[in-house]
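Participant: You'll find my_file_39.txt just under this line, and it carries compact mmCIF, C-alpha atoms and all ligand atoms.
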```txt
# COMPACT_ATOMS: atom_id res chain seq x y z
CA MET H 1384 95.65 109.04 104.13
CA SER H 1385 96.92 106.96 107.08
CA ASN H 1386 98.14 108.79 110.16
CA ASN H 1387 98.72 108.28 113.85
CA PHE H 1388 95.04 108.79 114.56
CA ALA H 1389 93.98 105.95 112.26
CA GLN H 1390 92.91 103.71 115.15
CA GLU H 1391 90.69 106.44 116.58
CA SER H 1392 89.26 107.84 113.39
CA SER H 1393 85.68 107.39 112.28
CA ALA H 1394 85.11 105.35 109.17
CA ILE H 1395 81.51 106.57 109.13
CA LYS H 1396 80.02 109.41 111.11
CA VAL H 1397 76.37 110.20 110.63
CA THR H 1398 74.54 113.14 112.16
CA ASN H 1399 70.77 113.54 112.19
CA LEU H 1400 70.24 111.82 108.87
CA ILE H 1401 66.78 112.14 107.40
CA LYS H 1402 65.47 110.59 104.20
CA LYS H 1403 62.07 111.51 102.84
CA VAL H 1404 60.55 110.44 99.54
CA VAL H 1405 57.42 111.57 97.79
CA THR H 1406 54.98 108.81 96.99
CA GLN H 1407 51.50 108.79 95.46
CA GLU H 1408 50.10 108.73 99.00
CA GLY H 1409 52.18 111.77 100.00
CA GLU H 1410 55.50 112.31 101.71
CA LEU H 1411 57.10 109.31 103.40
CA THR H 1412 59.86 109.73 105.97
CA ILE H 1413 61.97 106.58 105.69
CA LEU H 1414 64.81 107.60 108.03
CA LYS H 1415 63.95 109.79 111.01
CA GLY H 1416 67.18 111.30 112.27
CA ILE H 1417 69.92 108.65 112.32
CA ASN H 1418 73.09 109.16 114.33
CA MET H 1419 75.99 106.72 114.33
CA ASP H 1420 79.74 106.77 114.68
CA VAL H 1421 81.61 103.74 113.36
CA LYS H 1422 85.36 103.51 113.93
CA GLN H 1423 87.77 102.25 111.32
CA GLY H 1424 88.00 98.47 111.60
CA ASP H 1425 84.70 98.09 113.46
CA SER H 1426 82.19 95.48 112.40
CA VAL H 1427 78.57 96.55 112.62
CA ALA H 1428 75.34 94.63 112.13
CA ILE H 1429 72.06 96.36 111.37
CA LEU H 1430 69.00 94.26 112.12
CA GLY H 1431 65.35 95.20 111.86
CA PRO H 1432 62.01 94.35 110.25
CA SER H 1433 61.41 94.40 106.53
CA GLY H 1434 60.64 97.92 105.34
CA SER H 1435 62.23 99.61 108.35
CA GLY H 1436 64.84 101.49 106.28
CA LYS H 1437 68.00 99.35 106.48
CA SER H 1438 68.79 99.27 102.75
CA THR H 1439 67.96 102.95 102.45
CA LEU H 1440 70.48 103.74 105.17
CA LEU H 1441 73.16 101.56 103.59
CA GLY H 1442 72.69 103.24 100.20
CA LEU H 1443 73.10 106.67 101.78
CA LEU H 1444 76.21 105.66 103.74
CA ALA H 1445 77.82 104.28 100.59
CA ALA H 1446 77.12 107.52 98.67
CA LEU H 1447 74.72 105.74 96.33
CA ASP H 1448 71.82 107.99 97.31
CA THR H 1449 71.35 111.51 98.68
CA PRO H 1450 69.79 112.30 102.07
CA THR H 1451 67.05 114.89 102.54
CA SER H 1452 69.09 116.39 105.37
CA GLY H 1453 71.82 115.51 107.82
CA GLU H 1454 75.51 114.85 107.40
CA ILE H 1455 77.57 111.79 106.48
CA LEU H 1456 81.34 111.66 106.82
CA LEU H 1457 82.93 108.72 105.04
CA ASP H 1458 86.52 108.19 106.16
CA GLY H 1459 86.54 111.84 107.22
CA ALA H 1460 85.17 113.18 103.91
CA SER H 1461 81.79 114.88 103.90
CA LEU H 1462 79.37 113.57 101.28
CA SER H 1463 77.37 116.81 101.38
CA GLY H 1464 77.66 118.81 98.24
CA LEU H 1465 79.51 116.17 96.21
CA ASN H 1466 78.29 115.78 92.64
CA GLU H 1467 77.71 112.33 91.12
CA GLU H 1468 81.20 112.20 89.63
CA GLN H 1469 82.85 113.05 92.95
CA LYS H 1470 80.70 110.48 94.75
CA ALA H 1471 81.68 107.83 92.20
CA ALA H 1472 85.36 108.67 92.72
CA LEU H 1473 84.96 108.39 96.50
CA ARG H 1474 83.18 105.05 96.17
CA LYS H 1475 85.85 103.68 93.86
CA GLN H 1476 88.56 104.71 96.29
CA LYS H 1477 87.04 103.57 99.58
CA VAL H 1478 83.90 101.49 99.31
CA SER H 1479 82.57 98.13 98.19
CA PHE H 1480 78.93 97.20 98.27
CA ILE H 1481 77.23 93.82 98.23
CA PHE H 1482 73.70 94.53 97.06
CA GLN H 1483 70.62 92.72 98.30
CA SER H 1484 69.79 92.09 94.62
CA PHE H 1485 73.48 91.34 93.69
CA MET H 1486 73.58 93.79 90.73
CA LEU H 1487 75.83 91.63 88.58
CA VAL H 1488 76.37 92.67 84.97
CA ASP H 1489 74.16 90.26 83.00
CA THR H 1490 76.38 90.14 79.92
CA LEU H 1491 79.61 89.39 81.79
CA THR H 1492 80.73 86.01 83.07
CA ALA H 1493 81.31 85.38 86.77
CA LEU H 1494 85.05 85.93 86.24
CA GLU H 1495 84.52 89.15 84.28
CA ASN H 1496 82.10 90.49 86.89
CA VAL H 1497 84.66 89.98 89.64
CA MET H 1498 87.51 91.38 87.53
CA LEU H 1499 85.62 94.54 86.63
CA PRO H 1500 86.30 96.75 89.71
CA ALA H 1501 89.94 95.62 89.83
CA GLU H 1502 90.40 96.50 86.16
CA LEU H 1503 88.74 99.87 86.67
CA ALA H 1504 91.07 100.52 89.59
CA GLY H 1505 94.09 99.52 87.48
CA VAL H 1506 95.01 96.56 89.73
CA ASN H 1507 97.74 94.34 88.26
CA GLY H 1508 96.80 90.70 87.72
CA ALA H 1509 93.07 91.41 87.96
CA LYS H 1510 92.18 88.15 86.21
CA GLU H 1511 94.29 85.95 88.48
CA LYS H 1512 92.99 87.75 91.58
CA ALA H 1513 89.39 87.37 90.40
CA GLU H 1514 89.93 83.68 89.73
CA SER H 1515 91.43 83.08 93.14
CA MET H 1516 88.63 85.06 94.83
CA LEU H 1517 86.00 82.99 93.02
CA LYS H 1518 87.77 79.82 94.14
CA ARG H 1519 87.67 81.11 97.72
CA VAL H 1520 83.90 81.47 97.54
CA GLY H 1521 83.63 77.95 96.10
CA LEU H 1522 82.96 78.92 92.49
CA GLY H 1523 86.17 77.82 90.76
CA HIS H 1524 84.00 75.62 88.53
CA ARG H 1525 81.68 78.45 87.44
CA LEU H 1526 84.11 81.04 86.05
CA THR H 1527 82.61 81.28 82.58
CA HIS H 1528 78.95 81.16 83.59
CA LEU H 1529 76.76 84.20 83.03
CA PRO H 1530 74.67 85.38 86.01
CA LYS H 1531 71.48 83.86 84.54
CA GLN H 1532 73.25 80.49 84.46
CA LEU H 1533 73.97 80.67 88.20
CA SER H 1534 71.73 79.93 91.15
CA GLY H 1535 70.74 82.75 93.53
CA GLY H 1536 73.31 81.67 96.10
CA GLU H 1537 76.02 81.40 93.44
CA GLN H 1538 75.20 84.90 92.17
CA GLN H 1539 75.47 86.16 95.72
CA ARG H 1540 78.92 84.58 96.06
CA VAL H 1541 80.04 86.23 92.80
CA ALA H 1542 78.85 89.57 94.22
CA ILE H 1543 80.83 88.89 97.39
CA ALA H 1544 83.99 88.00 95.45
CA ARG H 1545 83.57 91.21 93.43
CA ALA H 1546 83.21 93.28 96.59
CA PHE H 1547 86.37 91.79 98.10
CA ILE H 1548 88.72 92.12 95.17
CA CYS H 1549 89.86 95.69 95.83
CA GLU H 1550 90.21 95.28 99.63
CA PRO H 1551 87.92 98.22 100.38
CA LYS H 1552 88.27 100.52 103.36
CA VAL H 1553 84.56 100.08 104.11
CA LEU H 1554 82.47 97.13 102.98
CA PHE H 1555 78.69 97.53 102.99
CA ALA H 1556 76.76 94.31 102.61
CA ASP H 1557 72.98 94.06 102.38
CA GLU H 1558 72.00 90.60 103.64
CA PRO H 1559 75.22 88.97 102.40
CA THR H 1560 74.20 85.49 103.52
CA GLY H 1561 70.49 85.86 102.72
CA ASN H 1562 70.50 83.36 99.85
CA LEU H 1563 73.07 80.92 101.16
CA ASP H 1564 72.78 77.57 102.90
CA SER H 1565 74.39 77.41 106.33
CA VAL H 1566 77.71 75.94 105.10
CA ASN H 1567 78.21 78.61 102.45
CA GLY H 1568 76.82 81.27 104.80
CA ASP H 1569 79.44 80.35 107.41
CA LYS H 1570 82.17 80.37 104.78
CA ILE H 1571 81.18 83.87 103.61
CA ALA H 1572 80.91 85.11 107.19
CA ASP H 1573 84.44 83.79 107.84
CA MET H 1574 85.67 85.65 104.74
CA LEU H 1575 84.02 88.87 105.86
CA PHE H 1576 85.71 88.75 109.23
CA GLU H 1577 89.06 87.73 107.72
CA LEU H 1578 88.87 90.84 105.54
CA ASN H 1579 87.92 92.87 108.58
CA GLN H 1580 90.90 91.61 110.54
CA GLU H 1581 93.58 91.28 107.86
CA SER H 1582 92.86 94.52 105.98
CA ASP H 1583 91.24 96.53 108.80
CA THR H 1584 88.18 96.81 106.57
CA THR H 1585 85.18 98.32 108.33
CA LEU H 1586 82.14 96.08 107.91
CA VAL H 1587 78.57 97.35 107.88
CA LEU H 1588 76.22 94.41 107.44
CA VAL H 1589 72.46 94.45 107.13
CA THR H 1590 71.31 91.02 108.13
CA HIS H 1591 68.48 88.91 109.46
CA ASP H 1592 71.06 86.26 110.41
CA LEU H 1593 71.47 86.46 114.16
CA GLN H 1594 74.63 84.36 114.21
CA LEU H 1595 76.28 86.71 111.74
CA ALA H 1596 75.08 89.74 113.72
CA LYS H 1597 76.52 88.32 116.92
CA ARG H 1598 79.95 87.97 115.33
CA CYS H 1599 79.98 91.72 114.75
CA LYS H 1600 81.48 94.01 117.35
CA ARG H 1601 78.38 96.22 117.44
CA GLN H 1602 74.70 95.64 116.74
CA PHE H 1603 72.06 98.18 115.79
CA ILE H 1604 68.32 97.73 115.41
CA MET H 1605 66.40 99.72 112.80
CA ASP H 1606 62.73 100.16 113.59
CA SER H 1607 60.48 102.38 111.46
CA GLY H 1608 63.37 104.61 110.45
CA VAL H 1609 64.86 104.92 113.94
CA LEU H 1610 68.24 103.34 114.67
CA THR H 1611 69.18 102.18 118.17
CA GLU H 1612 72.35 100.47 119.30
CA ALA H 1613 71.64 97.21 121.09
CA ASN H 1614 73.64 95.34 123.71
CA LYS H 1615 74.69 91.97 122.40
CA ALA H 1616 72.53 90.37 125.07
CA ASN H 1617 69.49 92.27 123.83
CA THR H 1618 70.08 91.53 120.19
CA GLU H 1619 68.52 88.07 120.35
CA THR H 1620 65.33 89.29 121.97
CA GLU H 1621 64.93 92.22 119.61
CA ALA H 1622 65.85 90.26 116.52
CA ASN H 1623 63.44 87.50 117.46
CA ALA H 1624 60.69 90.09 117.83
CA GLU H 1625 61.71 91.38 114.43
CA ASN H 1626 61.52 87.89 112.97
CA SER H 1627 58.17 87.01 114.46
CA ASP H 1628 56.57 87.59 111.05
CA ASN H 1629 59.47 86.12 109.14
CA THR H 1630 59.68 82.36 109.51
CA ALA H 1631 62.57 81.89 107.10
CA ALA H 1632 64.77 84.29 109.02
CA THR H 1633 63.84 82.70 112.34
CA VAL H 1634 64.71 79.24 111.04
CA GLU H 1635 67.98 80.53 109.66
CA VAL H 1636 69.17 81.82 113.00
CA CYS H 1637 68.16 78.76 115.03
N1 LIG N 1701 62.25 105.49 96.42
C1 LIG N 1701 61.27 105.11 97.24
N2 LIG N 1701 60.02 105.56 97.09
C2 LIG N 1701 59.03 105.20 97.93
N3 LIG N 1701 59.19 104.39 98.99
C3 LIG N 1701 60.43 103.90 99.20
C4 LIG N 1701 61.53 104.23 98.35
N4 LIG N 1701 62.63 103.60 98.81
C5 LIG N 1701 62.23 102.90 99.89
N5 LIG N 1701 60.91 103.08 100.12
C6 LIG N 1701 60.13 102.51 101.23
O1 LIG N 1701 60.86 102.78 102.42
C7 LIG N 1701 60.79 101.67 103.31
C8 LIG N 1701 62.17 101.19 103.68
O2 LIG N 1701 62.75 100.52 102.58
P1 LIG N 1701 64.12 99.71 102.72
O3 LIG N 1701 64.37 99.10 101.40
O4 LIG N 1701 65.14 100.61 103.25
O5 LIG N 1701 63.72 98.62 103.81
P2 LIG N 1701 64.58 97.44 104.44
O6 LIG N 1701 64.64 97.66 105.91
O7 LIG N 1701 65.86 97.30 103.71
O8 LIG N 1701 63.64 96.17 104.17
P3 LIG N 1701 64.01 94.64 103.78
O9 LIG N 1701 64.46 93.96 105.06
O10 LIG N 1701 62.71 94.10 103.27
O11 LIG N 1701 65.07 94.65 102.71
C9 LIG N 1701 59.94 100.62 102.62
O12 LIG N 1701 58.62 100.70 103.13
C10 LIG N 1701 59.98 101.01 101.16
O13 LIG N 1701 58.79 100.66 100.50
MG MG N 1702 66.61 95.82 102.38
```
I need this file expressed as structure tokens, please.
Ligand SMILES: Nc1ncnc2c1ncn2[C@@H]1O[C@H](COP(=O)(O)OP(=O)(O)OP(=O)(O)O)[C@@H](O)[C@H]1O
Ligand SMILES: [Mg+2]
Facilitator:
Amino acid sequence: MSNNFAQESSAIKVTNLIKKVVTQEGELTILKGINMDVKQGDSVAILGPSGSGKSTLLGLLAALDTPTSGEILLDGASLSGLNEEQKAALRKQKVSFIFQSFMLVDTLTALENVMLPAELAGVNGAKEKAESMLKRVGLGHRLTHLPKQLSGGEQQRVAIARAFICEPKVLFADEPTGNLDSVNGDKIADMLFELNQESDTTLVLVTHDLQLAKRCKRQFIMDSGVLTEANKANTETEANAENSDNTAATVEVC
């Protein structure tokens, strides 16, 4: 519900979030007490080495997973104690997610994949909107292709179009430009920030792309399950340290 406090309100407020899983080797603590407060309309980048817990955090924030302990408020609503149905309703109402592995529906065409959330939300003109969104991501010529008939970068752009179609309150994106060449990556980054500005959509981006991270208002570094906010000036140094074992990511940001 919009009110006079909208500018000040937290889109995401996280307190002492811990995620543990049980593995064959014993208990593994993936997230070790995360705190963050993201205001509505903020854009946030989360950088950090592979395996440090970034995707785990994103899944928890988007109510796709359940923490071991700690509290998450999403647009003021506590996720604690919600059952799966209530979480699904909250996601449908407020959240879009661009998955690291795209998660397109294999049996649906590009157009049908993008239409799906709009149809579920009862949006009028879902087909036309989906078509125009696919054109915006440069896939007007691939509407009837199935995911397996698309390249990795094309699948990623379908996933991005699908995430945009309902103009979510919060958009979570896990390496949204990870499979794209620099021209398409720039185009997608522009779209993300247009959505952020035009619709006041809060952006939470996990990325190894330093240029994309720098365009965000705030930058965080995840390291072995610990999240720290970085100054923009420090981001380059820390991200480069992060990328020291990741040549592809280092090349991408140069
Ligand atoms: N369900 C699970 N069971 C066991 N281990 C898990 C589980 N989920 C995640 N992990 C482990 O937790 C760590 C963090 O995983 P996560 O996917 O969050 O990393 P990430 O920072 O997103 O890495 P990347 O940059 O490679 O995508 C990894 O070491 C992973 O193997
Ligand atoms: Mg990940």
Participant: Using only C-alpha atoms and all ligand atoms, find the one residue out of H:Leu1563, H:Val1589, H:Ile1417, H:Val1541 that sits nearest to ligand MG 1702 (chain N).
Facilitator: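 Ranked by minimum distance to ligand MG 1702 (chain N), first place goes to H:Val1589.
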Participant: At most 9 Å from (90.1, 99.8, 101.2), file frame, all atoms listed in the file: which residues, as a PDB file with C-alpha atoms, in the frame of the given file?
Facilitator:
```pdb
ATOM      1  CA  GLN H1476      88.560 104.710  96.290  1.00  0.00           C
ATOM      2  CA  LYS H1477      87.040 103.570  99.580  1.00  0.00           C
ATOM      3  CA  VAL H1478      83.900 101.490  99.310  1.00  0.00           C
ATOM      4  CA  SER H1479      82.570  98.130  98.190  1.00  0.00           C
ATOM      5  CA  CYS H1549      89.860  95.690  95.830  1.00  0.00           C
ATOM      6  CA  GLU H1550      90.210  95.280  99.630  1.00  0.00           C
ATOM      7  CA  PRO H1551      87.920  98.220 100.380  1.00  0.00           C
ATOM      8  CA  LYS H1552      88.270 100.520 103.360  1.00  0.00           C
ATOM      9  CA  VAL H1553      84.560 100.080 104.110  1.00  0.00           C
ATOM     10  CA  LEU H1554      82.470  97.130 102.980  1.00  0.00           C
ATOM     11  CA  SER H1582      92.860  94.520 105.980  1.00  0.00           C
ATOM     12  CA  ASP H1583      91.240  96.530 108.800  1.00  0.00           C
ATOM     13  CA  THR H1584      88.180  96.810 106.570  1.00  0.00           C
ATOM     14  CA  THR H1585      85.180  98.320 108.330  1.00  0.00           C
TER      15      THR H1585
END
```
Participant: Here is a test: counting only C-alpha atoms and all ligand atoms, which residue of H:Leu1588, H:Met1498, H:Ile1548, H:Leu1529 is nearest to ligand MG 1702 (chain N)?
Facilitator: H:Leu1588
Participant: Would you tabulate, counting only C-alpha atoms, all residues of stretch 1479-1505 of chain H that have an atom at most 12 Å from an atom of stretch 1423-1447 of chain H, showing the closest pair of atoms and their distance in Å to one decimal, sorted by chain then ascending number, as a tab-separated table?
Facilitator:
```
residue	atom	partner	partner_atom	distance
H:Ser1479	CA	H:Ala1445	CA	8.1
H:Phe1480	CA	H:Ala1445	CA	7.5
H:Ile1481	CA	H:Leu1441	CA	10.3
H:Phe1482	CA	H:Ser1438	CA	8.9
H:Gln1483	CA	H:Ser1438	CA	8.1
H:Ser1484	CA	H:Ser1438	CA	10.9
```
Participant: How about saving the chosen residues, C-alpha atoms kept, as a short mmCIF file (atom, residue, chain, number, x, y, z; two decimals), keeping the file's coordinate frame?
Facilitator:
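Below you can see again_11.cif, which holds the result:
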```
data_model
loop_
_atom_site.label_atom_id
_atom_site.label_comp_id
_atom_site.auth_asym_id
_atom_site.auth_seq_id
_atom_site.Cartn_x
_atom_site.Cartn_y
_atom_site.Cartn_z
CA SER H 1479 82.57 98.13 98.19
CA PHE H 1480 78.93 97.20 98.27
CA ILE H 1481 77.23 93.82 98.23
CA PHE H 1482 73.70 94.53 97.06
CA GLN H 1483 70.62 92.72 98.30
CA SER H 1484 69.79 92.09 94.62
#
```
Participant: Let me know the centre plus edge lengths, in Å and rounded to one decimal, of a box with edges along x, y and z that contains all listed atoms of stretch 1428-1437 of chain H and is padded by 4 Å on every side, as AutoDock Vina command-line options.
Facilitator:
```
--center_x 68.0 --center_y 97.9 --center_z 108.7 --size_x 22.7 --size_y 15.2 --size_z 14.8
```
Participant: Kindly provide, as an mmCIF file with C-alpha atoms, in the coordinates of the input, the polymer residues lying within 12 Å of (91.5, 84.5, 89.8), counting all atoms listed in the file and using the coordinates exactly as they appear in the file.
Facilitator:
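Everything below was put into selection.cif:
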```cif
data_model
loop_
_atom_site.group_PDB
_atom_site.id
_atom_site.type_symbol
_atom_site.label_atom_id
_atom_site.label_comp_id
_atom_site.auth_asym_id
_atom_site.auth_seq_id
_atom_site.Cartn_x
_atom_site.Cartn_y
_atom_site.Cartn_z
ATOM 1 C CA ALA H 1493 81.310 85.380 86.770
ATOM 2 C CA LEU H 1494 85.050 85.930 86.240
ATOM 3 C CA GLU H 1495 84.520 89.150 84.280
ATOM 4 C CA ASN H 1496 82.100 90.490 86.890
ATOM 5 C CA VAL H 1497 84.660 89.980 89.640
ATOM 6 C CA MET H 1498 87.510 91.380 87.530
ATOM 7 C CA ALA H 1501 89.940 95.620 89.830
ATOM 8 C CA ASN H 1507 97.740 94.340 88.260
ATOM 9 C CA GLY H 1508 96.800 90.700 87.720
ATOM 10 C CA ALA H 1509 93.070 91.410 87.960
ATOM 11 C CA LYS H 1510 92.180 88.150 86.210
ATOM 12 C CA GLU H 1511 94.290 85.950 88.480
ATOM 13 C CA LYS H 1512 92.990 87.750 91.580
ATOM 14 C CA ALA H 1513 89.390 87.370 90.400
ATOM 15 C CA GLU H 1514 89.930 83.680 89.730
ATOM 16 C CA SER H 1515 91.430 83.080 93.140
ATOM 17 C CA MET H 1516 88.630 85.060 94.830
ATOM 18 C CA LEU H 1517 86.000 82.990 93.020
ATOM 19 C CA LYS H 1518 87.770 79.820 94.140
ATOM 20 C CA ARG H 1519 87.670 81.110 97.720
ATOM 21 C CA VAL H 1520 83.900 81.470 97.540
ATOM 22 C CA LEU H 1522 82.960 78.920 92.490
ATOM 23 C CA GLY H 1523 86.170 77.820 90.760
ATOM 24 C CA HIS H 1524 84.000 75.620 88.530
ATOM 25 C CA ARG H 1525 81.680 78.450 87.440
ATOM 26 C CA LEU H 1526 84.110 81.040 86.050
ATOM 27 C CA THR H 1527 82.610 81.280 82.580
ATOM 28 C CA VAL H 1541 80.040 86.230 92.800
ATOM 29 C CA ALA H 1544 83.990 88.000 95.450
ATOM 30 C CA ARG H 1545 83.570 91.210 93.430
ATOM 31 C CA ILE H 1548 88.720 92.120 95.170
#
```
Participant: I'd like to know which of H:Leu1411, H:Ala1572, H:Leu1578, H:Val1397 is closest to H:Gln1594, using all atoms listed in the file.
Facilitator: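 Closest to H:Gln1594 of all the choices is H:Ala1572.
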Participant: Mind pulling up the distance from atom CA of H:Asp1458 to atom CA of H:Gln1580?
Facilitator: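 About the pair atom CA of H:Gln1580 and atom CA of H:Asp1458: they are 17.7 Å apart.
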Participant: Quick one, how far is atom CA of H:Leu1491 from atom CA of H:Ile1543?
Facilitator: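 Those two atoms sit 15.7 Å apart.
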